[in-house]
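Before any comments, here is the structure.
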Amino acid sequence: MGLSYILLPVVLLLLGALSFGLASAKGAGTETLTLNLGAPSAEPTDFWGMNIADATSAGSNVGATLQETPTTVLVYPAGNLTERTDFTTNTVYGPHSATKAVVTIQDFISDCKAISCEAILELPMEIDNVSVTAAEADYVVAKLDFHPAYFAYGNEPSTWKCYKISWSTLAASGEHACDTEAPTPSAFANETQAAISAVSTDLGSQAPRALCMNQGTGTGWQNNTPWLDALEANSYDNANCAAYAMHVKAAHSGTADPTLANFYATLTGPEGLPADYHNMSALTNGKPLLLTEVGWTTPNSVYEPVFNGTWAENVVQSAIVVEAMQNVVPDMSYWVWNEGYSLHNYNPSSMWSIYTNLFTRLGSVWYSTQFTGQRDVFAEVTKNGTAWSVIIVSSNIQRGFTISLQKTGIPMTEAATVYTVTSTGTATASVANLSSGVALPHQSVVLITVGTS
């Protein structure tokens with residue numbers, strides 16, 4: 001049951017805002033950076049994912065809007081809602097509350113079918129009642145006849161504070177403190193075994209693959225390892241977990257000085273995506289490691305009140321996507337479509353435009369480059385047929401560069417189109433002569449396209 005990549009139609013970027021002209025490649029005194037390509041790799045079929053939260057409106061005509069993005073994988077009900085959502089009644093539980101889901105499981109299935117998505121459905125585990133977990137799975141598969149690619153078992157067990165508290169108790173508990181201790185990694189591994197076994201017994205051959213761990217969000221790979229170790233030490237889990245999942249929020253720090261330089265440094269810091277993914281994927285014994293939440297921050301981060309809604313946030317978000325490409329991550333599920341830091345609520349002239357109009361122009365063959373943060377530049381070259389596209393993000397605070405493509409194999413004689421997005425938030429499209437190089441302004445996102453697919 002592999003996930004299939006769908007080539008989406010190209011969406012023209014803010015037609016009224018685009019301007020065309022001859023690109024000025026070199027500025028006085030700018031340094032030239034020459035891209036050198038590594039070996040090609042196929043784009044992972046699961047790569048472009050998106051979290052859909054069930055407690056907040058996803059907008060109107062969600063399927064059509066999602067089709068403006070490269071998304072093919074949808075994760076639901078997203079984050080901590082995993083532990084509070086009853087699919088059978090579309091109820092979201094909380095302390096002294098039981099509210100109806102805004103995006104119901106039926107809505108999600110409809111949206112998924114609209115884009116022919118593959119789904120990752122997250123099952124509740126914090127209540128520590130595997131009969132309920134199995135009933136949720138049975139309702140989706142047997143009653144709704146919906147077959148996700150994975151069932152993800154629980155969400156971030158290290159943060160559980162309502163462990164073993166039933167939904168009904170939680171809803172009737174007044175201002176319940178929810179101050180229980182989280183399970184130990186071994187206790188979570190045992191519950192994972194019981195839950196997978198219960199779902200498999202109930203659904204038999206129709207049981208979706210098990211996605212295990214689903215841990216992270218700012219804790220870094222070192223704090224994920226006990227949970228992975230416990231799952232691998234459990235012989236049942238080791239045999240039945242088809243893949244593992246973790247979360248990456250690079251700028252989660254609650255202690256750093258929230259300067260712009262420190263904010264951009266999180267991209268290549270010890271808990272940035274490259275370090276987290278490289279270190280954790282080396283421990284999975286060859287099983288896939290998916291990133292089911294990818295974003296820049298968490299609510300407790302010192303960076304959040306400073307950079308939320310700024311252009312720097314867009315630079316970091318764009319660079320994180322490029323980093324995921326550079327690491328050929330099997331799934332990069334963006335956090336999030338319709339909750340905090342949501343994609344569809346972005347200013348249409350910033351991250352939404354980058355995501356829908358630049359990323360959709362990338363090819364299905366990826367070539368790594370040496371620019372994985374050196375000089376604060378992140379770049380990836382892609383190809384589709386004879387068409388080339390180069391996505392480049394600069395987080396350099398002060399200086400621009402000239403990008404040379406002379407050593408890439410990209411034809412220098414054809415006119416290229418260069419899309420440049422800077423702090424104005426709007427994109428400009430220019431015709432460029434690649435033999436002269438392409439301008440990369442400081443703190444910018446640039447896409448270069450040449451040839452036809």
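We name chains A, B, ... following the order of the structure tokens; residues begin at 1 in each chain, and ligands are numbered from 1 as shown.
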12 Å contact set for A:Val141, only C-alpha atoms, chain neighbours under 2 positions out, as a ChimeraX atom specification: /A:87-88,105,109,121,134-139,143-151,199-200,202-208
What's the 7 Å shell around A:Ala251, counting only C-alpha atoms, without same-chain residues fewer than 6 positions away, as a ChimeraX atom specification? /A:263,266,296-297,301,303
Could you check which of A:Thr408, A:Thr402, A:Ser423, A:Thr104 is closest to A:Val445, using only C-alpha atoms? A:Ser423
If you run DSSP on the backbone, which residues of stretch 18-142 of chain A are helix (DSSP H, G or I), as a PDB file with all heavy atoms, in the first residue's frame?
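So the final result, stored in out25.pdb, reads:
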ATOM      1  N   VAL A  62     -12.029  22.575   0.947  1.00  0.00           N
ATOM      2  CA  VAL A  62     -10.678  22.208   1.363  1.00  0.00           C
ATOM      3  C   VAL A  62      -9.962  21.399   0.292  1.00  0.00           C
ATOM      4  O   VAL A  62      -8.781  21.625   0.004  1.00  0.00           O
ATOM      5  CB  VAL A  62     -10.727  21.424   2.683  1.00  0.00           C
ATOM      6  CG1 VAL A  62      -9.325  21.011   3.121  1.00  0.00           C
ATOM      7  CG2 VAL A  62     -11.399  22.263   3.760  1.00  0.00           C
ATOM      8  N   GLY A  63     -10.675  20.461  -0.324  1.00  0.00           N
ATOM      9  CA  GLY A  63     -10.041  19.632  -1.344  1.00  0.00           C
ATOM     10  C   GLY A  63      -9.473  20.453  -2.480  1.00  0.00           C
ATOM     11  O   GLY A  63      -8.325  20.254  -2.902  1.00  0.00           O
ATOM     12  N   ALA A  64     -10.249  21.413  -2.964  1.00  0.00           N
ATOM     13  CA  ALA A  64      -9.781  22.255  -4.067  1.00  0.00           C
ATOM     14  C   ALA A  64      -8.598  23.108  -3.637  1.00  0.00           C
ATOM     15  O   ALA A  64      -7.659  23.321  -4.418  1.00  0.00           O
ATOM     16  CB  ALA A  64     -10.915  23.138  -4.578  1.00  0.00           C
ATOM     17  N   THR A  65      -8.631  23.593  -2.408  1.00  0.00           N
ATOM     18  CA  THR A  65      -7.521  24.422  -1.934  1.00  0.00           C
ATOM     19  C   THR A  65      -6.262  23.595  -1.744  1.00  0.00           C
ATOM     20  O   THR A  65      -5.157  24.033  -2.080  1.00  0.00           O
ATOM     21  CB  THR A  65      -7.901  25.126  -0.617  1.00  0.00           C
ATOM     22  OG1 THR A  65      -9.189  25.710  -0.750  1.00  0.00           O
ATOM     23  CG2 THR A  65      -6.902  26.211  -0.284  1.00  0.00           C
ATOM     24  N   LEU A  66      -6.415  22.390  -1.217  1.00  0.00           N
ATOM     25  CA  LEU A  66      -5.260  21.508  -1.081  1.00  0.00           C
ATOM     26  C   LEU A  66      -4.629  21.183  -2.428  1.00  0.00           C
ATOM     27  O   LEU A  66      -3.417  20.980  -2.529  1.00  0.00           O
ATOM     28  CB  LEU A  66      -5.666  20.208  -0.381  1.00  0.00           C
ATOM     29  CG  LEU A  66      -5.805  20.250   1.138  1.00  0.00           C
ATOM     30  CD1 LEU A  66      -6.485  18.984   1.638  1.00  0.00           C
ATOM     31  CD2 LEU A  66      -4.447  20.426   1.798  1.00  0.00           C
ATOM     32  N   GLY A  79      -1.512  16.259  16.063  1.00  0.00           N
ATOM     33  CA  GLY A  79      -0.950  16.656  17.344  1.00  0.00           C
ATOM     34  C   GLY A  79      -1.683  16.088  18.546  1.00  0.00           C
ATOM     35  O   GLY A  79      -2.111  14.928  18.558  1.00  0.00           O
ATOM     36  N   ASN A  80      -1.828  16.916  19.580  1.00  0.00           N
ATOM     37  CA  ASN A  80      -2.441  16.474  20.828  1.00  0.00           C
ATOM     38  C   ASN A  80      -3.906  16.077  20.670  1.00  0.00           C
ATOM     39  O   ASN A  80      -4.460  15.376  21.531  1.00  0.00           O
ATOM     40  CB  ASN A  80      -2.321  17.567  21.890  1.00  0.00           C
ATOM     41  CG  ASN A  80      -0.886  17.822  22.286  1.00  0.00           C
ATOM     42  OD1 ASN A  80      -0.048  16.929  22.215  1.00  0.00           O
ATOM     43  ND2 ASN A  80      -0.589  19.047  22.705  1.00  0.00           N
ATOM     44  N   LEU A  81      -4.547  16.516  19.594  1.00  0.00           N
ATOM     45  CA  LEU A  81      -5.930  16.113  19.335  1.00  0.00           C
ATOM     46  C   LEU A  81      -6.039  14.607  19.127  1.00  0.00           C
ATOM     47  O   LEU A  81      -7.120  14.037  19.291  1.00  0.00           O
ATOM     48  CB  LEU A  81      -6.477  16.859  18.118  1.00  0.00           C
ATOM     49  CG  LEU A  81      -6.608  18.372  18.293  1.00  0.00           C
ATOM     50  CD1 LEU A  81      -6.804  19.055  16.948  1.00  0.00           C
ATOM     51  CD2 LEU A  81      -7.769  18.694  19.234  1.00  0.00           C
ATOM     52  N   THR A  82      -4.932  13.979  18.772  1.00  0.00           N
ATOM     53  CA  THR A  82      -4.893  12.517  18.630  1.00  0.00           C
ATOM     54  C   THR A  82      -5.429  11.841  19.878  1.00  0.00           C
ATOM     55  O   THR A  82      -6.180  10.856  19.794  1.00  0.00           O
ATOM     56  CB  THR A  82      -3.445  12.055  18.388  1.00  0.00           C
ATOM     57  OG1 THR A  82      -2.954  12.660  17.202  1.00  0.00           O
ATOM     58  CG2 THR A  82      -3.341  10.548  18.290  1.00  0.00           C
ATOM     59  N   GLU A  83      -5.059  12.360  21.039  1.00  0.00           N
ATOM     60  CA  GLU A  83      -5.403  11.708  22.300  1.00  0.00           C
ATOM     61  C   GLU A  83      -6.788  12.080  22.802  1.00  0.00           C
ATOM     62  O   GLU A  83      -7.264  11.488  23.774  1.00  0.00           O
ATOM     63  CB  GLU A  83      -4.356  12.065  23.362  1.00  0.00           C
ATOM     64  CG  GLU A  83      -2.922  11.783  22.967  1.00  0.00           C
ATOM     65  CD  GLU A  83      -2.665  10.313  22.644  1.00  0.00           C
ATOM     66  OE1 GLU A  83      -3.502   9.456  23.001  1.00  0.00           O
ATOM     67  OE2 GLU A  83      -1.617  10.036  22.027  1.00  0.00           O
ATOM     68  N   ILE A 105     -14.365  13.232  10.972  1.00  0.00           N
ATOM     69  CA  ILE A 105     -13.675  12.163  10.254  1.00  0.00           C
ATOM     70  C   ILE A 105     -14.264  12.012   8.853  1.00  0.00           C
ATOM     71  O   ILE A 105     -13.542  11.751   7.880  1.00  0.00           O
ATOM     72  CB  ILE A 105     -13.737  10.824  11.031  1.00  0.00           C
ATOM     73  CG1 ILE A 105     -12.976   9.711  10.302  1.00  0.00           C
ATOM     74  CG2 ILE A 105     -15.166  10.400  11.291  1.00  0.00           C
ATOM     75  CD1 ILE A 105     -11.491   9.956  10.156  1.00  0.00           C
ATOM     76  N   GLN A 106     -15.566  12.231   8.728  1.00  0.00           N
ATOM     77  CA  GLN A 106     -16.191  12.175   7.396  1.00  0.00           C
ATOM     78  C   GLN A 106     -15.691  13.313   6.511  1.00  0.00           C
ATOM     79  O   GLN A 106     -15.453  13.107   5.306  1.00  0.00           O
ATOM     80  CB  GLN A 106     -17.714  12.213   7.530  1.00  0.00           C
ATOM     81  CG  GLN A 106     -18.338  10.960   8.125  1.00  0.00           C
ATOM     82  CD  GLN A 106     -18.319  10.931   9.654  1.00  0.00           C
ATOM     83  OE1 GLN A 106     -17.840  11.881  10.300  1.00  0.00           O
ATOM     84  NE2 GLN A 106     -18.855   9.877  10.244  1.00  0.00           N
ATOM     85  N   ASP A 107     -15.537  14.493   7.076  1.00  0.00           N
ATOM     86  CA  ASP A 107     -14.974  15.617   6.321  1.00  0.00           C
ATOM     87  C   ASP A 107     -13.565  15.279   5.846  1.00  0.00           C
ATOM     88  O   ASP A 107     -13.204  15.539   4.693  1.00  0.00           O
ATOM     89  CB  ASP A 107     -14.904  16.883   7.187  1.00  0.00           C
ATOM     90  CG  ASP A 107     -16.247  17.447   7.554  1.00  0.00           C
ATOM     91  OD1 ASP A 107     -17.221  17.231   6.800  1.00  0.00           O
ATOM     92  OD2 ASP A 107     -16.336  18.109   8.610  1.00  0.00           O
ATOM     93  N   PHE A 108     -12.782  14.744   6.769  1.00  0.00           N
ATOM     94  CA  PHE A 108     -11.405  14.411   6.430  1.00  0.00           C
ATOM     95  C   PHE A 108     -11.352  13.406   5.290  1.00  0.00           C
ATOM     96  O   PHE A 108     -10.563  13.561   4.342  1.00  0.00           O
ATOM     97  CB  PHE A 108     -10.675  13.851   7.650  1.00  0.00           C
ATOM     98  CG  PHE A 108      -9.299  13.331   7.318  1.00  0.00           C
ATOM     99  CD1 PHE A 108      -8.232  14.204   7.153  1.00  0.00           C
ATOM    100  CD2 PHE A 108      -9.077  11.971   7.150  1.00  0.00           C
ATOM    101  CE1 PHE A 108      -6.967  13.729   6.832  1.00  0.00           C
ATOM    102  CE2 PHE A 108      -7.818  11.491   6.836  1.00  0.00           C
ATOM    103  CZ  PHE A 108      -6.762  12.372   6.671  1.00  0.00           C
ATOM    104  N   ILE A 109     -12.166  12.380   5.365  1.00  0.00           N
ATOM    105  CA  ILE A 109     -12.175  11.369   4.307  1.00  0.00           C
ATOM    106  C   ILE A 109     -12.560  11.990   2.976  1.00  0.00           C
ATOM    107  O   ILE A 109     -11.962  11.703   1.928  1.00  0.00           O
ATOM    108  CB  ILE A 109     -13.129  10.221   4.683  1.00  0.00           C
ATOM    109  CG1 ILE A 109     -12.564   9.431   5.873  1.00  0.00           C
ATOM    110  CG2 ILE A 109     -13.375   9.299   3.490  1.00  0.00           C
ATOM    111  CD1 ILE A 109     -13.519   8.416   6.459  1.00  0.00           C
ATOM    112  N   SER A 110     -13.549  12.883   2.989  1.00  0.00           N
ATOM    113  CA  SER A 110     -13.957  13.556   1.762  1.00  0.00           C
ATOM    114  C   SER A 110     -12.826  14.396   1.193  1.00  0.00           C
ATOM    115  O   SER A 110     -12.563  14.380  -0.019  1.00  0.00           O
ATOM    116  CB  SER A 110     -15.187  14.431   2.041  1.00  0.00           C
ATOM    117  OG  SER A 110     -15.566  15.164   0.900  1.00  0.00           O
ATOM    118  N   ASP A 111     -12.138  15.146   2.062  1.00  0.00           N
ATOM    119  CA  ASP A 111     -11.019  15.977   1.609  1.00  0.00           C
ATOM    120  C   ASP A 111      -9.885  15.112   1.072  1.00  0.00           C
ATOM    121  O   ASP A 111      -9.237  15.462   0.083  1.00  0.00           O
ATOM    122  CB  ASP A 111     -10.516  16.843   2.755  1.00  0.00           C
ATOM    123  CG  ASP A 111     -11.556  17.840   3.238  1.00  0.00           C
ATOM    124  OD1 ASP A 111     -12.469  18.161   2.455  1.00  0.00           O
ATOM    125  OD2 ASP A 111     -11.453  18.277   4.401  1.00  0.00           O
ATOM    126  N   CYS A 112      -9.645  14.010   1.737  1.00  0.00           N
ATOM    127  CA  CYS A 112      -8.595  13.086   1.300  1.00  0.00           C
ATOM    128  C   CYS A 112      -8.907  12.528  -0.088  1.00  0.00           C
ATOM    129  O   CYS A 112      -8.045  12.506  -0.969  1.00  0.00           O
ATOM    130  CB  CYS A 112      -8.462  11.954   2.318  1.00  0.00           C
ATOM    131  SG  CYS A 112      -7.166  10.746   1.952  1.00  0.00           S
ATOM    132  N   LYS A 113     -10.135  12.114  -0.280  1.00  0.00           N
ATOM    133  CA  LYS A 113     -10.516  11.565  -1.580  1.00  0.00           C
ATOM    134  C   LYS A 113     -10.447  12.631  -2.675  1.00  0.00           C
ATOM    135  O   LYS A 113     -10.152  12.319  -3.831  1.00  0.00           O
ATOM    136  CB  LYS A 113     -11.914  10.963  -1.503  1.00  0.00           C
ATOM    137  CG  LYS A 113     -11.970   9.675  -0.681  1.00  0.00           C
ATOM    138  CD  LYS A 113     -13.382   9.096  -0.632  1.00  0.00           C
ATOM    139  CE  LYS A 113     -13.403   7.777   0.131  1.00  0.00           C
ATOM    140  NZ  LYS A 113     -14.779   7.215   0.220  1.00  0.00           N
ATOM    141  N   ALA A 114     -10.700  13.887  -2.309  1.00  0.00           N
ATOM    142  CA  ALA A 114     -10.682  14.959  -3.304  1.00  0.00           C
ATOM    143  C   ALA A 114      -9.302  15.134  -3.913  1.00  0.00           C
ATOM    144  O   ALA A 114      -9.188  15.575  -5.066  1.00  0.00           O
ATOM    145  CB  ALA A 114     -11.151  16.274  -2.677  1.00  0.00           C
ATOM    146  N   VAL A 130      -6.914  -0.035  25.237  1.00  0.00           N
ATOM    147  CA  VAL A 130      -6.706  -0.502  23.862  1.00  0.00           C
ATOM    148  C   VAL A 130      -8.000  -0.976  23.226  1.00  0.00           C
ATOM    149  O   VAL A 130      -8.097  -1.058  21.993  1.00  0.00           O
ATOM    150  CB  VAL A 130      -5.626  -1.596  23.796  1.00  0.00           C
ATOM    151  CG1 VAL A 130      -4.285  -1.051  24.251  1.00  0.00           C
ATOM    152  CG2 VAL A 130      -6.017  -2.833  24.602  1.00  0.00           C
ATOM    153  N   SER A 131      -9.022  -1.271  24.046  1.00  0.00           N
ATOM    154  CA  SER A 131     -10.326  -1.611  23.468  1.00  0.00           C
ATOM    155  C   SER A 131     -10.914  -0.406  22.747  1.00  0.00           C
ATOM    156  O   SER A 131     -11.500  -0.529  21.667  1.00  0.00           O
ATOM    157  CB  SER A 131     -11.284  -2.094  24.560  1.00  0.00           C
ATOM    158  OG  SER A 131     -10.831  -3.290  25.139  1.00  0.00           O
ATOM    159  N   VAL A 132     -10.748   0.775  23.340  1.00  0.00           N
ATOM    160  CA  VAL A 132     -11.209   1.997  22.678  1.00  0.00           C
ATOM    161  C   VAL A 132     -10.363   2.265  21.442  1.00  0.00           C
ATOM    162  O   VAL A 132     -10.893   2.621  20.373  1.00  0.00           O
ATOM    163  CB  VAL A 132     -11.137   3.197  23.654  1.00  0.00           C
ATOM    164  CG1 VAL A 132     -11.418   4.509  22.911  1.00  0.00           C
ATOM    165  CG2 VAL A 132     -12.127   3.009  24.794  1.00  0.00           C
ATOM    166  N   THR A 133      -9.048   2.099  21.555  1.00  0.00           N
ATOM    167  CA  THR A 133      -8.176   2.298  20.396  1.00  0.00           C
ATOM    168  C   THR A 133      -8.603   1.398  19.243  1.00  0.00           C
ATOM    169  O   THR A 133      -8.705   1.849  18.094  1.00  0.00           O
ATOM    170  CB  THR A 133      -6.709   2.006  20.774  1.00  0.00           C
ATOM    171  OG1 THR A 133      -6.336   2.836  21.879  1.00  0.00           O
ATOM    172  CG2 THR A 133      -5.790   2.276  19.602  1.00  0.00           C
ATOM    173  N   ALA A 134      -8.878   0.130  19.537  1.00  0.00           N
ATOM    174  CA  ALA A 134      -9.300  -0.809  18.490  1.00  0.00           C
ATOM    175  C   ALA A 134     -10.669  -0.443  17.938  1.00  0.00           C
ATOM    176  O   ALA A 134     -10.922  -0.583  16.725  1.00  0.00           O
ATOM    177  CB  ALA A 134      -9.317  -2.228  19.051  1.00  0.00           C
ATOM    178  N   ALA A 135     -11.565   0.063  18.801  1.00  0.00           N
ATOM    179  CA  ALA A 135     -12.899   0.457  18.326  1.00  0.00           C
ATOM    180  C   ALA A 135     -12.807   1.644  17.373  1.00  0.00           C
ATOM    181  O   ALA A 135     -13.558   1.718  16.387  1.00  0.00           O
ATOM    182  CB  ALA A 135     -13.789   0.798  19.516  1.00  0.00           C
ATOM    183  N   GLU A 136     -11.897   2.572  17.662  1.00  0.00           N
ATOM    184  CA  GLU A 136     -11.695   3.703  16.759  1.00  0.00           C
ATOM    185  C   GLU A 136     -11.223   3.214  15.389  1.00  0.00           C
ATOM    186  O   GLU A 136     -11.691   3.668  14.336  1.00  0.00           O
ATOM    187  CB  GLU A 136     -10.666   4.673  17.345  1.00  0.00           C
ATOM    188  CG  GLU A 136     -11.068   5.324  18.640  1.00  0.00           C
ATOM    189  CD  GLU A 136     -12.227   6.285  18.488  1.00  0.00           C
ATOM    190  OE1 GLU A 136     -12.138   7.184  17.636  1.00  0.00           O
ATOM    191  OE2 GLU A 136     -13.223   6.145  19.219  1.00  0.00           O
ATOM    192  N   ALA A 137     -10.261   2.291  15.400  1.00  0.00           N
ATOM    193  CA  ALA A 137      -9.735   1.742  14.148  1.00  0.00           C
ATOM    194  C   ALA A 137     -10.811   0.981  13.386  1.00  0.00           C
ATOM    195  O   ALA A 137     -10.939   1.110  12.155  1.00  0.00           O
ATOM    196  CB  ALA A 137      -8.552   0.828  14.445  1.00  0.00           C
ATOM    197  N   ASP A 138     -11.598   0.197  14.105  1.00  0.00           N
ATOM    198  CA  ASP A 138     -12.667  -0.581  13.467  1.00  0.00           C
ATOM    199  C   ASP A 138     -13.693   0.344  12.832  1.00  0.00           C
ATOM    200  O   ASP A 138     -14.182   0.087  11.718  1.00  0.00           O
ATOM    201  CB  ASP A 138     -13.327  -1.483  14.508  1.00  0.00           C
ATOM    202  CG  ASP A 138     -14.458  -2.309  13.915  1.00  0.00           C
ATOM    203  OD1 ASP A 138     -14.184  -3.367  13.325  1.00  0.00           O
ATOM    204  OD2 ASP A 138     -15.639  -1.878  14.024  1.00  0.00           O
ATOM    205  N   TYR A 139     -14.038   1.430  13.500  1.00  0.00           N
ATOM    206  CA  TYR A 139     -15.031   2.357  12.961  1.00  0.00           C
ATOM    207  C   TYR A 139     -14.562   2.933  11.631  1.00  0.00           C
ATOM    208  O   TYR A 139     -15.343   3.031  10.672  1.00  0.00           O
ATOM    209  CB  TYR A 139     -15.288   3.477  13.972  1.00  0.00           C
ATOM    210  CG  TYR A 139     -16.321   4.478  13.510  1.00  0.00           C
ATOM    211  CD1 TYR A 139     -17.681   4.180  13.542  1.00  0.00           C
ATOM    212  CD2 TYR A 139     -15.933   5.728  13.037  1.00  0.00           C
ATOM    213  CE1 TYR A 139     -18.632   5.094  13.118  1.00  0.00           C
ATOM    214  CE2 TYR A 139     -16.878   6.649  12.610  1.00  0.00           C
ATOM    215  CZ  TYR A 139     -18.218   6.328  12.644  1.00  0.00           C
ATOM    216  OH  TYR A 139     -19.154   7.232  12.216  1.00  0.00           O
ATOM    217  N   VAL A 140     -13.301   3.306  11.564  1.00  0.00           N
ATOM    218  CA  VAL A 140     -12.769   3.910  10.338  1.00  0.00           C
ATOM    219  C   VAL A 140     -12.744   2.900   9.201  1.00  0.00           C
ATOM    220  O   VAL A 140     -13.200   3.182   8.083  1.00  0.00           O
ATOM    221  CB  VAL A 140     -11.358   4.478  10.590  1.00  0.00           C
ATOM    222  CG1 VAL A 140     -10.689   4.876   9.282  1.00  0.00           C
ATOM    223  CG2 VAL A 140     -11.424   5.666  11.542  1.00  0.00           C
ATOM    224  N   VAL A 141     -12.203   1.721   9.461  1.00  0.00           N
ATOM    225  CA  VAL A 141     -11.978   0.751   8.386  1.00  0.00           C
ATOM    226  C   VAL A 141     -13.250  -0.035   8.061  1.00  0.00           C
ATOM    227  O   VAL A 141     -13.644  -0.157   6.891  1.00  0.00           O
ATOM    228  CB  VAL A 141     -10.823  -0.204   8.757  1.00  0.00           C
ATOM    229  CG1 VAL A 141     -10.679  -1.309   7.699  1.00  0.00           C
ATOM    230  CG2 VAL A 141      -9.521   0.572   8.909  1.00  0.00           C
ATOM    231  N   ALA A 142     -13.897  -0.585   9.092  1.00  0.00           N
ATOM    232  CA  ALA A 142     -15.038  -1.467   8.846  1.00  0.00           C
ATOM    233  C   ALA A 142     -16.338  -0.694   8.622  1.00  0.00           C
ATOM    234  O   ALA A 142     -17.138  -1.065   7.758  1.00  0.00           O
ATOM    235  CB  ALA A 142     -15.191  -2.439  10.016  1.00  0.00           C
TER     236      ALA A 142
END
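The space separating atom CA of A:Leu74 from atom CA of A:Tyr334 comes to 9.4 Å.
Within the 7 Å cut-off around A:Val446, using only C-alpha atoms and omitting residues fewer than 5 positions from it on the same chain, the listed residues are Ile391, Ile392, Val393, Val418, Tyr419, Thr420, Val421 and Leu440 of chain A.
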Among the residues of stretch 239-437 of chain A, find those DSSP assigns to strand (DSSP E or B) from the backbone and print them as an MDAnalysis selection string. chainID A and resid 241:249 289:295 332:334 365:372 377:384 387:394 401:404 415:421 427:433
What's the 7 Å shell around A:Ser389, counting only C-alpha atoms, without same-chain residues fewer than 2 positions away, as a VMD selection string? chain A and resid 362 to 363 381 to 383 387 391 447 to 450
Could you build a table of the residues in stretch 311-387 of chain A lying no more than 9 Å from stretch 50-55 of chain A, giving for each the nearest pair of atoms and their separation in Å rounded to one decimal place, using only C-alpha atoms, ordered by chain and ascending residue number, as JSON lines?
{"residue": "A:Met332", "atom": "CA", "partner": "A:Met50", "partner_atom": "CA", "distance": 7.9}
{"residue": "A:Ser333", "atom": "CA", "partner": "A:Met50", "partner_atom": "CA", "distance": 4.6}
{"residue": "A:Tyr334", "atom": "CA", "partner": "A:Met50", "partner_atom": "CA", "distance": 4.7}
{"residue": "A:Trp335", "atom": "CA", "partner": "A:Asn51", "partner_atom": "CA", "distance": 5.8}
{"residue": "A:Val336", "atom": "CA", "partner": "A:Asn51", "partner_atom": "CA", "distance": 5.0}
{"residue": "A:Trp337", "atom": "CA", "partner": "A:Ile52", "partner_atom": "CA", "distance": 5.6}
{"residue": "A:Asn338", "atom": "CA", "partner": "A:Ala53", "partner_atom": "CA", "distance": 6.1}
{"residue": "A:Glu339", "atom": "CA", "partner": "A:Ala53", "partner_atom": "CA", "distance": 6.4}
Selection near A:Glu323, 9 Å with only C-alpha atoms, sequence-local residues under 6 positions removed, as an MDAnalysis selection string: chainID A and resid 267 273:274 329 372:373 378:380
Could you please take those selected residues and save all heavy atoms as a short mmCIF file (atom, residue, chain, number, x, y, z; two decimals), in the first residue's frame?
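What ended up in part_21.cif:
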data_model
loop_
_atom_site.label_atom_id
_atom_site.label_comp_id
_atom_site.auth_asym_id
_atom_site.auth_seq_id
_atom_site.Cartn_x
_atom_site.Cartn_y
_atom_site.Cartn_z
N LEU A 267 18.34 26.46 12.27
CA LEU A 267 18.24 25.59 11.09
C LEU A 267 19.36 24.56 11.05
O LEU A 267 19.17 23.43 10.59
CB LEU A 267 18.25 26.43 9.82
CG LEU A 267 17.00 27.26 9.55
CD1 LEU A 267 17.28 28.31 8.49
CD2 LEU A 267 15.85 26.35 9.13
N LEU A 273 16.48 20.18 11.82
CA LEU A 273 16.04 19.00 11.08
C LEU A 273 17.19 18.09 10.64
O LEU A 273 17.10 16.87 10.83
CB LEU A 273 15.17 19.41 9.88
CG LEU A 273 14.51 18.26 9.11
CD1 LEU A 273 13.18 18.72 8.54
CD2 LEU A 273 15.38 17.71 8.00
N PRO A 274 18.27 18.60 10.05
CA PRO A 274 19.33 17.68 9.59
C PRO A 274 19.91 16.84 10.71
O PRO A 274 20.07 15.62 10.57
CB PRO A 274 20.37 18.61 8.98
CG PRO A 274 19.61 19.83 8.57
CD PRO A 274 18.56 19.99 9.63
N VAL A 329 13.82 12.84 3.12
CA VAL A 329 12.92 12.34 4.17
C VAL A 329 11.73 11.64 3.51
O VAL A 329 11.15 12.17 2.56
CB VAL A 329 12.45 13.52 5.04
CG1 VAL A 329 11.35 13.10 5.99
CG2 VAL A 329 13.63 14.12 5.80
N THR A 372 24.06 23.27 2.22
CA THR A 372 23.12 22.79 3.22
C THR A 372 23.23 23.64 4.47
O THR A 372 23.17 23.16 5.59
CB THR A 372 23.42 21.32 3.55
OG1 THR A 372 24.80 21.21 3.95
CG2 THR A 372 23.19 20.42 2.35
N GLY A 373 23.42 24.93 4.28
CA GLY A 373 23.53 25.86 5.39
C GLY A 373 24.82 26.64 5.39
O GLY A 373 24.96 27.61 6.13
N PHE A 378 20.67 27.48 1.54
CA PHE A 378 20.14 26.12 1.42
C PHE A 378 19.64 25.96 -0.01
O PHE A 378 18.87 26.80 -0.50
CB PHE A 378 19.00 25.90 2.40
CG PHE A 378 19.37 26.21 3.83
CD1 PHE A 378 19.35 27.53 4.29
CD2 PHE A 378 19.76 25.22 4.69
CE1 PHE A 378 19.71 27.84 5.59
CE2 PHE A 378 20.12 25.51 6.00
CZ PHE A 378 20.10 26.83 6.45
N ALA A 379 20.08 24.92 -0.70
CA ALA A 379 19.71 24.77 -2.11
C ALA A 379 19.47 23.32 -2.46
O ALA A 379 20.09 22.41 -1.90
CB ALA A 379 20.80 25.35 -3.01
N GLU A 380 18.56 23.09 -3.40
CA GLU A 380 18.32 21.75 -3.95
C GLU A 380 17.97 21.91 -5.43
O GLU A 380 17.17 22.78 -5.81
CB GLU A 380 17.18 21.07 -3.20
CG GLU A 380 16.94 19.63 -3.60
CD GLU A 380 17.88 18.64 -2.92
OE1 GLU A 380 18.89 19.07 -2.32
OE2 GLU A 380 17.60 17.43 -2.98
#
